[in-house]
>>> print(open('protein-v1.cif').read())   # mmCIF, C-alpha atoms
data_input
loop_
_atom_site.label_atom_id
_atom_site.label_comp_id
_atom_site.auth_asym_id
_atom_site.auth_seq_id
_atom_site.Cartn_x
_atom_site.Cartn_y
_atom_site.Cartn_z
CA MET U 1 0.00 0.00 0.00
CA MET U 2 1.42 3.34 -1.06
CA LYS U 3 1.94 5.97 1.62
CA THR U 4 -0.13 9.12 1.08
CA SER U 5 3.01 11.25 1.21
CA ASP U 6 4.36 9.21 -1.70
CA SER U 7 1.09 9.76 -3.59
CA LEU U 8 1.35 13.51 -3.01
CA GLU U 9 4.95 13.43 -4.20
CA ASP U 10 3.85 11.55 -7.34
CA ILE U 11 1.23 14.21 -8.06
CA TRP U 12 3.84 16.94 -7.62
CA ASN U 13 6.32 15.14 -9.90
CA THR U 14 3.62 14.55 -12.53
CA TYR U 15 2.80 18.27 -12.41
CA GLN U 16 6.42 19.18 -13.11
CA VAL U 17 6.76 16.61 -15.88
CA THR U 18 3.55 17.91 -17.48
CA LEU U 19 4.88 21.48 -17.38
CA ASN U 20 7.99 20.31 -19.16
CA CYS U 21 5.93 18.36 -21.72
CA LEU U 22 3.95 21.50 -22.52
CA LYS U 23 7.21 23.37 -23.14
CA ILE U 24 8.51 20.66 -25.44
CA THR U 25 5.19 20.57 -27.29
CA GLU U 26 5.23 24.34 -27.74
CA ARG U 27 8.73 24.18 -29.22
CA SER U 28 7.70 21.33 -31.55
CA VAL U 29 4.68 23.31 -32.73
CA LYS U 30 6.74 26.46 -33.30
CA ALA U 31 9.26 24.46 -35.30
CA SER U 32 6.43 22.60 -37.10
CA ASP U 33 8.40 19.44 -36.47
CA LEU U 34 6.04 16.85 -37.94
CA ASN U 35 8.24 14.03 -36.78
CA LEU U 36 7.51 15.02 -33.19
CA LEU U 37 3.88 16.00 -33.82
CA LYS U 38 2.78 12.95 -35.79
CA ARG U 39 -0.14 10.98 -34.35
CA THR U 40 -1.14 13.95 -32.20
CA SER U 41 -3.90 16.47 -32.80
CA PHE U 42 -1.22 19.12 -33.29
CA ALA U 43 -0.10 17.54 -36.58
CA THR U 44 -3.09 19.01 -38.42
CA ALA U 45 -3.72 22.07 -36.30
CA THR U 46 -2.76 25.61 -37.17
CA ILE U 47 0.21 26.94 -35.23
CA ASP U 48 -1.96 29.62 -33.61
CA SER U 49 -4.67 27.23 -32.43
CA ALA U 50 -2.08 24.75 -31.17
CA LYS U 51 -0.29 27.47 -29.19
CA LEU U 52 -3.61 28.65 -27.80
CA ASP U 53 -4.48 25.12 -26.64
CA ILE U 54 -1.10 24.78 -24.97
CA GLN U 55 -1.42 28.17 -23.25
CA GLU U 56 -4.92 27.31 -22.02
CA SER U 57 -3.61 24.04 -20.61
CA ARG U 58 -0.78 25.89 -18.91
CA LYS U 59 -3.31 28.25 -17.29
CA HIS U 60 -5.34 25.37 -15.83
CA ILE U 61 -2.60 23.01 -14.75
CA ASP U 62 -1.83 24.80 -11.48
CA ASP U 63 -5.49 24.47 -10.52
CA TYR U 64 -5.59 20.77 -11.44
CA LEU U 65 -2.59 20.25 -9.16
CA ILE U 66 -4.47 21.79 -6.21
CA LEU U 67 -7.55 19.67 -6.94
CA SER U 68 -5.49 16.45 -7.12
CA LEU U 69 -3.42 17.18 -4.02
CA TRP U 70 -6.49 18.04 -2.00
CA ALA U 71 -8.43 14.93 -3.06
CA VAL U 72 -5.65 12.61 -1.88
CA PHE U 73 -4.96 14.66 1.25
CA GLU U 74 -8.60 14.79 2.33
CA ARG U 75 -9.09 11.05 1.83
CA ASN U 76 -6.05 10.36 4.01
CA LEU U 77 -7.27 12.78 6.67
CA PHE U 78 -10.63 11.03 6.98
CA ASP U 79 -9.01 7.59 6.91
CA CYS U 80 -6.68 8.66 9.71
CA ALA U 81 -9.63 9.94 11.78
CA VAL U 82 -11.48 6.63 11.27
CA ARG U 83 -8.39 4.66 12.35
CA GLU U 84 -8.09 6.78 15.47
CA SER U 85 -11.76 6.18 16.28
CA GLN U 86 -11.06 2.43 16.12
CA ARG U 87 -8.61 2.80 19.02
CA ILE U 88 -11.70 3.16 21.24
CA LEU U 89 -12.05 -0.59 20.77
CA ASN U 90 -8.48 -1.43 21.81
CA ASN U 91 -8.99 -1.99 25.53
CA ASN U 92 -11.82 -4.35 26.47
CA PRO U 93 -14.46 -2.94 24.19
CA THR U 94 -18.03 -3.14 25.33
CA SER U 95 -21.04 -3.36 23.08
CA PHE U 96 -21.62 0.29 23.98
CA THR U 97 -18.14 1.43 22.85
CA GLN U 98 -18.54 -0.66 19.70
CA GLU U 99 -21.79 1.13 18.88
CA ILE U 100 -20.19 4.52 19.50
CA GLN U 101 -17.25 3.69 17.27
CA LYS U 102 -19.53 2.37 14.49
CA LYS U 103 -21.57 5.58 14.61
CA ILE U 104 -18.45 7.74 14.43
CA GLU U 105 -17.11 5.74 11.49
CA ARG U 106 -20.47 5.92 9.65
CA GLU U 107 -21.01 9.59 10.16
CA LEU U 108 -17.48 10.91 9.92
CA GLU U 109 -17.78 11.01 6.12
CA TYR U 110 -20.44 13.70 6.55
CA TRP U 111 -18.41 15.89 8.89
CA ARG U 112 -17.07 19.18 7.53
CA VAL U 113 -13.42 18.94 6.55
CA ASP U 114 -12.63 21.98 8.71
CA ASP U 115 -14.00 20.14 11.76
CA VAL U 116 -11.95 17.03 10.95
CA LEU U 117 -8.84 19.20 10.57
CA ASP U 118 -9.50 20.78 13.97
CA ILE U 119 -9.41 17.34 15.59
CA PHE U 120 -5.74 17.10 14.68
CA LYS U 121 -4.88 20.20 16.70
CA VAL U 122 -5.20 17.90 19.72
CA MET U 123 -2.45 18.09 22.32
CA ILE U 124 -0.25 15.00 22.45
CA GLY U 125 1.97 15.42 25.49
CA ASN U 126 3.16 19.01 25.44
CA SER U 127 2.71 19.81 21.80
CA GLN U 128 -0.10 19.93 19.29
CA LEU U 129 -0.21 16.98 16.91
CA ILE U 130 -0.50 19.45 14.03
CA ASP U 131 0.26 23.12 14.71
CA SER U 132 -2.75 25.47 14.54
CA GLN U 133 -1.07 27.65 11.92
CA LEU U 134 -0.54 24.66 9.62
CA ILE U 135 -4.17 23.62 10.11
CA GLY U 136 -5.24 27.17 9.28
CA GLN U 137 -3.20 27.12 6.09
CA ALA U 138 -4.69 23.75 5.10
CA LYS U 139 -8.16 25.26 5.55
CA GLN U 140 -7.17 28.14 3.27
CA ILE U 141 -6.03 25.65 0.63
CA LYS U 142 -9.42 23.97 0.97
CA CYS U 143 -11.10 27.36 0.37
CA TYR U 144 -9.07 27.88 -2.78
CA ARG U 145 -9.74 24.29 -3.89
CA ASP U 146 -13.50 24.88 -3.45
CA TRP U 147 -13.31 28.10 -5.46
CA ILE U 148 -11.54 26.24 -8.32
CA ALA U 149 -14.02 23.35 -8.21
CA HIS U 150 -17.16 25.52 -8.14
CA LYS U 151 -15.78 28.57 -9.99
CA ASN U 152 -18.41 31.19 -9.42
CA PRO U 153 -17.31 33.96 -11.81
CA LYS U 154 -19.11 36.53 -9.67
CA LYS U 155 -17.22 35.59 -6.52
CA PRO U 156 -13.47 36.02 -6.22
CA PRO U 157 -11.30 33.56 -4.24
CA LEU U 158 -10.75 34.23 -0.54
CA VAL U 159 -7.05 33.53 -0.99
CA ASN U 160 -4.60 32.54 -3.68
CA VAL U 161 -1.89 29.92 -3.30
CA VAL U 162 1.50 29.27 -4.88
CA PRO U 163 1.38 25.63 -6.09
CA GLN U 164 4.56 24.62 -4.33
CA THR U 165 3.37 26.13 -1.05
CA ALA U 166 0.16 24.09 -1.22
CA TYR U 167 2.16 20.93 -1.86
CA ARG U 168 4.54 21.66 1.02
CA ILE U 169 1.76 22.36 3.53
CA LEU U 170 -0.29 19.28 2.67
CA GLN U 171 2.81 17.09 2.49
CA LYS U 172 3.99 18.33 5.90
CA ILE U 173 0.68 17.51 7.59
CA THR U 174 0.54 14.11 5.88
CA ARG U 175 4.08 13.23 6.97
CA ILE U 176 3.31 14.19 10.58
CA LEU U 177 0.29 11.86 10.55
CA GLU U 178 2.41 9.08 9.04
CA THR U 179 5.30 9.38 11.47
CA HIS U 180 3.87 10.62 14.78
CA PRO U 181 3.71 7.73 17.25
CA ALA U 182 0.11 8.61 18.08
CA THR U 183 -1.14 8.25 14.50
CA ALA U 184 1.43 6.29 12.51
CA ILE U 185 0.39 2.96 10.99
CA GLU U 186 2.66 0.27 9.68
CA ILE U 187 2.67 0.32 5.90
CA THR U 188 3.37 -3.01 4.22
CA ASP U 189 4.63 -2.90 0.65
CA PHE U 190 3.24 -5.69 -1.55
CA MET K 1 -12.19 45.82 3.62
CA ASN K 2 -8.56 45.79 4.76
CA ILE K 3 -7.28 49.08 3.30
CA ASN K 4 -3.81 48.70 4.80
CA LYS K 5 -3.26 45.26 3.28
CA LYS K 6 -4.25 46.50 -0.16
CA GLU K 7 -2.16 49.67 0.10
CA GLU K 8 0.87 47.73 1.33
CA PHE K 9 0.53 45.29 -1.55
CA LEU K 10 0.21 48.06 -4.13
CA LYS K 11 3.25 49.82 -2.63
CA ARG K 12 5.27 46.61 -2.88
CA VAL K 13 4.13 46.16 -6.48
CA ASP K 14 5.08 49.76 -7.28
CA ASP K 15 8.54 49.23 -5.78
CA LEU K 16 8.99 45.99 -7.72
CA PHE K 17 7.85 47.59 -10.95
CA ALA K 18 10.26 50.51 -10.48
CA GLU K 19 13.11 47.99 -10.24
CA ILE K 20 11.81 46.09 -13.27
CA GLN K 21 11.70 49.34 -15.25
CA ASN K 22 15.39 49.95 -14.42
CA TRP K 23 16.49 46.39 -15.18
CA SER K 24 14.60 46.39 -18.46
CA LYS K 25 16.14 49.70 -19.49
CA GLU K 26 19.62 48.29 -18.78
CA ALA K 27 18.80 45.34 -21.04
CA ASN K 28 17.47 47.62 -23.81
CA LEU K 29 13.95 46.35 -23.36
CA VAL K 30 10.83 48.48 -23.57
CA VAL K 31 8.29 48.57 -20.74
CA LEU K 32 4.66 49.51 -21.29
CA SER K 33 2.43 50.10 -18.30
CA SER K 34 -1.31 49.58 -18.07
CA LEU K 35 -3.89 48.76 -15.42
CA THR K 36 -5.36 45.40 -14.49
CA ALA K 37 -8.31 44.64 -12.23
CA ILE K 38 -7.80 42.41 -9.21
CA ASN K 39 -10.78 40.99 -7.38
CA GLU K 40 -10.20 39.44 -3.94
CA GLU K 41 -12.91 38.53 -1.48
CA GLU K 42 -11.25 40.32 1.43
CA LEU K 43 -10.16 43.44 -0.47
CA GLY K 44 -12.83 43.77 -3.13
CA LEU K 45 -12.25 44.94 -6.68
CA TYR K 46 -9.32 47.27 -7.25
CA ASP K 47 -6.91 48.39 -9.95
CA ALA K 48 -3.23 47.53 -10.00
CA PRO K 49 -0.48 48.32 -12.50
CA GLU K 50 0.57 45.70 -15.04
CA LEU K 51 3.68 45.80 -17.24
CA GLU K 52 4.34 44.52 -20.72
CA ILE K 53 7.98 43.89 -21.68
CA THR K 54 8.91 44.04 -25.36
CA THR K 55 12.10 44.26 -27.35
CA GLY K 56 13.03 47.52 -29.07
CA GLU K 57 11.54 46.05 -32.26
CA GLY K 58 8.19 45.49 -30.56
CA LYS K 59 8.40 41.72 -30.03
CA LYS K 60 6.47 40.72 -26.89
CA ILE K 61 8.55 39.04 -24.22
CA ALA K 62 6.33 38.88 -21.14
CA ARG K 63 3.59 40.46 -19.05
CA ILE K 64 4.18 41.17 -15.37
CA VAL K 65 0.79 40.76 -13.71
CA PRO K 66 -0.06 41.29 -10.01
CA VAL K 67 -2.31 38.43 -8.86
CA GLY K 68 -3.25 39.59 -5.37
CA ALA K 69 -2.36 40.41 -1.81
CA CYS K 70 -4.22 37.55 -0.14
CA VAL K 71 -1.85 34.68 -0.73
CA ILE K 72 -1.25 31.73 1.59
CA ALA K 73 2.15 32.02 3.31
CA ALA K 74 3.13 35.16 1.35
CA ASN K 75 2.48 38.90 1.38
CA GLY K 76 1.47 39.03 -2.26
CA ARG K 77 1.96 37.42 -5.65
CA VAL K 78 2.97 38.67 -9.09
CA ASP K 79 3.17 36.40 -12.14
CA ILE K 80 5.56 36.78 -15.05
CA LYS K 81 3.64 35.42 -18.03
CA GLY K 82 5.12 34.59 -21.39
CA SER K 83 3.92 32.67 -24.41
CA PHE K 84 6.04 29.68 -23.33
CA ASP K 85 5.61 29.53 -19.56
CA ASN K 86 4.60 31.42 -16.42
CA VAL K 87 6.61 31.92 -13.24
CA ILE K 88 5.44 33.07 -9.83
CA ILE K 89 7.04 35.83 -7.78
CA ALA K 90 5.97 36.00 -4.13
CA HIS K 91 6.64 38.73 -1.58
CA LEU K 92 8.11 37.13 1.52
CA ASP K 93 9.21 38.47 4.89
CA LYS K 94 12.79 37.83 6.01
CA GLY K 95 13.09 34.13 6.85
CA GLY K 96 10.06 33.33 4.76
CA PRO K 97 6.97 31.38 5.85
CA LYS K 98 7.65 28.79 8.48
CA MET K 99 6.10 25.62 9.81
CA ILE K 100 6.04 25.88 13.59
CA THR K 101 5.92 23.17 16.23
CA ALA K 102 5.22 24.62 19.68
CA VAL K 103 5.64 22.82 23.02
CA ARG K 104 3.20 24.08 25.64
CA ASP K 105 2.51 23.51 29.35
CA SER K 106 -0.84 22.38 30.72
CA ASN K 107 -2.05 26.01 30.75
CA GLY K 108 -1.31 26.42 27.07
CA ASN K 109 1.75 28.62 27.65
CA GLU K 110 4.45 28.13 25.09
CA LEU K 111 7.59 26.52 26.53
CA SER K 112 9.59 26.26 23.35
CA SER K 113 9.08 26.09 19.62
CA SER K 114 10.93 24.87 16.60
CA THR K 115 10.48 26.27 13.13
CA THR K 116 11.14 24.81 9.72
CA PRO K 117 11.26 27.35 6.89
CA PHE K 118 9.19 26.54 3.83
CA TYR K 119 11.96 27.72 1.56
CA LYS K 120 15.73 28.14 1.86
CA GLY K 121 17.29 31.43 0.81
CA VAL K 122 14.86 34.05 2.18
CA ASP K 123 17.54 36.20 3.77
CA GLU K 124 15.67 39.48 3.62
CA THR K 125 12.18 40.81 2.97
CA GLY K 126 11.41 41.17 -0.70
CA TRP K 127 10.16 39.60 -3.90
CA TYR K 128 11.29 36.02 -4.55
CA TRP K 129 11.04 33.48 -7.35
CA ILE K 130 10.25 30.09 -5.84
CA GLU K 131 12.06 27.35 -7.69
CA ASN K 132 9.76 24.36 -8.24
CA ALA K 133 12.49 21.75 -8.53
CA ARG K 134 13.98 22.60 -5.11
CA ASN K 135 12.59 24.19 -1.94
CA LYS K 136 14.55 27.32 -2.67
CA ALA K 137 13.52 30.93 -3.06
CA HIS K 138 15.68 33.32 -5.07
CA LYS K 139 15.55 37.05 -4.44
CA LEU K 140 14.61 38.85 -7.61
CA ASN K 141 17.45 40.90 -9.03
CA SER K 142 18.49 42.11 -12.47
CA ASP K 143 20.20 38.89 -13.58
CA LEU K 144 17.43 36.63 -12.31
CA PHE K 145 14.77 38.85 -13.90
CA ILE K 146 16.38 38.54 -17.34
CA GLU K 147 16.78 34.79 -16.79
CA LEU K 148 13.07 34.50 -15.97
CA LEU K 149 12.15 36.49 -19.09
CA THR K 150 14.09 33.89 -21.07
CA GLU K 151 12.34 31.15 -19.13
CA VAL K 152 8.82 32.39 -19.93
CA SER K 153 9.48 33.45 -23.53
CA ASP K 154 11.94 30.71 -24.56
CA ASP K 155 13.85 33.49 -26.27
CA GLU K 156 17.55 33.81 -25.50
CA ASN K 157 18.31 36.54 -27.97
CA PHE K 158 16.48 39.66 -26.89
#
>>> encode(input="protein-v1.cif", output="structure tokens")
Amino acid sequence: MMKTSDSLEDIWNTYQVTLNCLKITERSVKASDLNLLKRTSFATATIDSAKLDIQESRKHIDDYLILSLWAVFERNLFDCAVRESQRILNNNPTSFTQEIQKKIERELEYWRVDDVLDIFKVMIGNSQLIDSQLIGQAKQIKCYRDWIAHKNPKKPPLVNVVPQTAYRILQKITRILETHPATAIEITDF
Amino acid sequence: MNINKKEEFLKRVDDLFAEIQNWSKEANLVVLSSLTAINEEELGLYDAPELEITTGEGKKIARIVPVGACVIAANGRVDIKGSFDNVIIAHLDKGGPKMITAVRDSNGNELSSSTTPFYKGVDETGWYWIENARNKAHKLNSDLFIELLTEVSDDENF
């Protein structure tokens, strides 16, 4: 099973490779190099329309990165919360604690992401599991992700985000959850 | 509406654009200024300057476009947009944004904290290009600006 931090890294690497591919494609189109363009839609396109398509893709790719990163991050967050709820059953579970845990697991999917994030501000020993500022920044990324996904042209985004900053914040939180003794699980590669 | 935040951002953009005007002049490039509209939920709709960089013969190299003041872990963002690529310039405070881990006592008082900077290289407050391939920020200067123009235009001969 792949670690979520590895999945986030894959998304980031794919983003960078795609940026490079767009550059190579643009150069091929400019040079009208049919050897490179054959068996692609660019082979029969006008140079102007091809360049426009490439530029449009370049405009959207940063947003697609945020959408992808958030989807994987959010899934991991909820999975982590469910795993933690299962710890209720670790020490002599009663039928009552089993019912409570089942209800949490069933209904957690309907909780607001902001509320799930807040759970991870919990104090473990003398420090917060995830620092409040980092949680706050993750919530801002969520806001931007929602604006991209729903794109109301009449409503501007609450915040903007540099793609690498979003990746770093979400990756940091994910790595804490993977490595902190309170939340880490053993990942078996197969 | 946070007037101070908007005014600070516009001042930083003005300062950046004054430097860009000088660097461009040194490189025999032409700078045309216009206005662009920025719309941010916190600050509302407002105008900001935008620059277009061309060669002396009129060939377009890039547009320098302010994106906004409300940026996660930055004081503002300006994009350099060319026909080949776009790069992001962010205004960062000295040290840059940090990820903080705080150790507290049972009353919530902070006993100690450790910080990990998001990016290496933020030695002073200013405008930085954040390199995607490494977690490094590079302070914008004349040489870097010309390099980024090449990066976004794929033109090495202007």
>>> residues_around(input="protein-v1.cif", residues="Ile20 (chain K)", least_positions_apart="3", cutoff="9 Å", atoms="all atoms listed in the file", output="list in words")
Asp15, Leu16, Phe17, Trp23, Ser24, Lys25, Val31, Asn141, Ser142 and Phe145 of chain K
>>> resolve_selection(input="protein-v1.cif", expression="the PyMOL selection byres ((chain K and resi 124-135) around 7)", output="PyMOL selection string")
(chain U and resi 164) or (chain K and resi 88-95+119-120+122-123+136-140)
>>> atom_distance(input="protein-v1.cif", atom1="CA of Gly56 (chain K)", atom2="CA of Leu32 (chain K)")
11.6 Å
>>> closest_atom_pairs(input="protein-v1.cif", of="chain U", to="chain K", cutoff="8 Å", atoms="all atoms listed in the file", output="JSON lines")
{"residue": "U:Gln16", "atom": "CA", "partner": "K:Asn132", "partner_atom": "CA", "distance": 7.9}
{"residue": "U:Lys23", "atom": "CA", "partner": "K:Phe84", "partner_atom": "CA", "distance": 6.4}
{"residue": "U:Glu26", "atom": "CA", "partner": "K:Phe84", "partner_atom": "CA", "distance": 7.0}
{"residue": "U:Gln55", "atom": "CA", "partner": "K:Ser83", "partner_atom": "CA", "distance": 7.1}
{"residue": "U:Arg58", "atom": "CA", "partner": "K:Asp85", "partner_atom": "CA", "distance": 7.4}
{"residue": "U:Asn126", "atom": "CA", "partner": "K:Arg104", "partner_atom": "CA", "distance": 5.1}
{"residue": "U:Ser127", "atom": "CA", "partner": "K:Val103", "partner_atom": "CA", "distance": 4.4}
{"residue": "U:Gln128", "atom": "CA", "partner": "K:Ala102", "partner_atom": "CA", "distance": 7.1}
{"residue": "U:Ile130", "atom": "CA", "partner": "K:Thr101", "partner_atom": "CA", "distance": 7.7}
{"residue": "U:Asp131", "atom": "CA", "partner": "K:Thr101", "partner_atom": "CA", "distance": 5.9}
{"residue": "U:Gln133", "atom": "CA", "partner": "K:Ile100", "partner_atom": "CA", "distance": 7.5}
{"residue": "U:Leu134", "atom": "CA", "partner": "K:Met99", "partner_atom": "CA", "distance": 6.7}
{"residue": "U:Gln137", "atom": "CA", "partner": "K:Ile72", "partner_atom": "CA", "distance": 6.7}
{"residue": "U:Gln140", "atom": "CA", "partner": "K:Ile72", "partner_atom": "CA", "distance": 7.1}
{"residue": "U:Ile141", "atom": "CA", "partner": "K:Ile72", "partner_atom": "CA", "distance": 7.8}
{"residue": "U:Lys155", "atom": "CA", "partner": "K:Glu41", "partner_atom": "CA", "distance": 7.3}
{"residue": "U:Pro156", "atom": "CA", "partner": "K:Glu40", "partner_atom": "CA", "distance": 5.3}
{"residue": "U:Pro157", "atom": "CA", "partner": "K:Glu41", "partner_atom": "CA", "distance": 5.9}
{"residue": "U:Leu158", "atom": "CA", "partner": "K:Glu41", "partner_atom": "CA", "distance": 4.9}
{"residue": "U:Val159", "atom": "CA", "partner": "K:Cys70", "partner_atom": "CA", "distance": 5.0}
{"residue": "U:Asn160", "atom": "CA", "partner": "K:Val71", "partner_atom": "CA", "distance": 4.6}
{"residue": "U:Val161", "atom": "CA", "partner": "K:Ile72", "partner_atom": "CA", "distance": 5.3}
{"residue": "U:Val162", "atom": "CA", "partner": "K:Ile88", "partner_atom": "CA", "distance": 7.4}
{"residue": "U:Gln164", "atom": "CA", "partner": "K:Asn132", "partner_atom": "CA", "distance": 6.5}
{"residue": "U:Thr165", "atom": "CA", "partner": "K:Ala73", "partner_atom": "CA", "distance": 7.4}
{"residue": "U:Arg168", "atom": "CA", "partner": "K:Phe118", "partner_atom": "CA", "distance": 7.3}
>>> residues_around(input="protein-v1.cif", residues="Leu77 (chain U)", least_positions_apart="2", cutoff="9 Å", atoms="only C-alpha atoms", output="VMD selection string")
chain U and resid 72 to 75 79 to 82 113 116 to 117 174 177
>>> atom_distance(input="protein-v1.cif", atom1="CA of Val65 (chain K)", atom2="CA of Ala71 (chain U)")
29.4 Å
>>> closest_residue(input="protein-v1.cif", among="U:Ile66, U:Ala43, U:Asn152, U:Lys51", to="Ala138 (chain U)", atoms="only C-alpha atoms")
U:Ile66
>>> atom_distance(input="protein-v1.cif", atom1="CA of Ile88 (chain U)", atom2="CA of Glu105 (chain U)")
11.4 Å
>>> residues_around(input="protein-v1.cif", residues="Ile80 (chain K)", least_positions_apart="3", cutoff="6 Å", atoms="all atoms listed in the file", output="list in words")
Arg63, Ile64, Asn86 and Val87 of chain K
>>> closest_residue(input="protein-v1.cif", among="U:Asp118, U:Asp6, U:Glu109, U:Asp48", to="Glu178 (chain U)", atoms="only C-alpha atoms")
U:Asp6
>>> resolve_selection(input="protein-v1.cif", expression="the PyMOL selection byres ((chain K and resi 14) around 12)", output="ChimeraX atom specification")
/K:7-13,15-21,33,48-51,64-66,78,127
>>> axis_aligned_box(input="protein-v1.cif", around="region 128-143 of chain U", padding_each_side="3 Å", output="AutoDock Vina command-line options")
--center_x -5.4 --center_y 22.6 --center_z 9.8 --size_x 17.4 --size_y 17.2 --size_z 24.9
>>> resolve_selection(input="protein-v1.cif", expression="the PyMOL selection byres ((chain U and resi 87) around 12)", output="PDB file with C-alpha atoms, keeping the file's coordinate frame")
ATOM      1  CA  CYS U  80      -6.680   8.660   9.710  1.00  0.00           C
ATOM      2  CA  ALA U  81      -9.630   9.940  11.780  1.00  0.00           C
ATOM      3  CA  VAL U  82     -11.480   6.630  11.270  1.00  0.00           C
ATOM      4  CA  ARG U  83      -8.390   4.660  12.350  1.00  0.00           C
ATOM      5  CA  GLU U  84      -8.090   6.780  15.470  1.00  0.00           C
ATOM      6  CA  SER U  85     -11.760   6.180  16.280  1.00  0.00           C
ATOM      7  CA  GLN U  86     -11.060   2.430  16.120  1.00  0.00           C
ATOM      8  CA  ILE U  88     -11.700   3.160  21.240  1.00  0.00           C
ATOM      9  CA  LEU U  89     -12.050  -0.590  20.770  1.00  0.00           C
ATOM     10  CA  ASN U  90      -8.480  -1.430  21.810  1.00  0.00           C
ATOM     11  CA  ASN U  91      -8.990  -1.990  25.530  1.00  0.00           C
ATOM     12  CA  ASN U  92     -11.820  -4.350  26.470  1.00  0.00           C
ATOM     13  CA  PRO U  93     -14.460  -2.940  24.190  1.00  0.00           C
ATOM     14  CA  THR U  97     -18.140   1.430  22.850  1.00  0.00           C
ATOM     15  CA  GLN U  98     -18.540  -0.660  19.700  1.00  0.00           C
ATOM     16  CA  ILE U 100     -20.190   4.520  19.500  1.00  0.00           C
ATOM     17  CA  GLN U 101     -17.250   3.690  17.270  1.00  0.00           C
ATOM     18  CA  LYS U 102     -19.530   2.370  14.490  1.00  0.00           C
ATOM     19  CA  ILE U 104     -18.450   7.740  14.430  1.00  0.00           C
ATOM     20  CA  GLU U 105     -17.110   5.740  11.490  1.00  0.00           C
ATOM     21  CA  ALA U 182       0.110   8.610  18.080  1.00  0.00           C
ATOM     22  CA  THR U 183      -1.140   8.250  14.500  1.00  0.00           C
TER      23      THR U 183
END
>>> residues_around(input="protein-v1.cif", residues="Ala62 (chain K)", least_positions_apart="5", cutoff="7 Å", atoms="all atoms listed in the file", output="JSON, numbers by chain")
{"K": [52, 53, 80, 81, 82, 149, 153]}
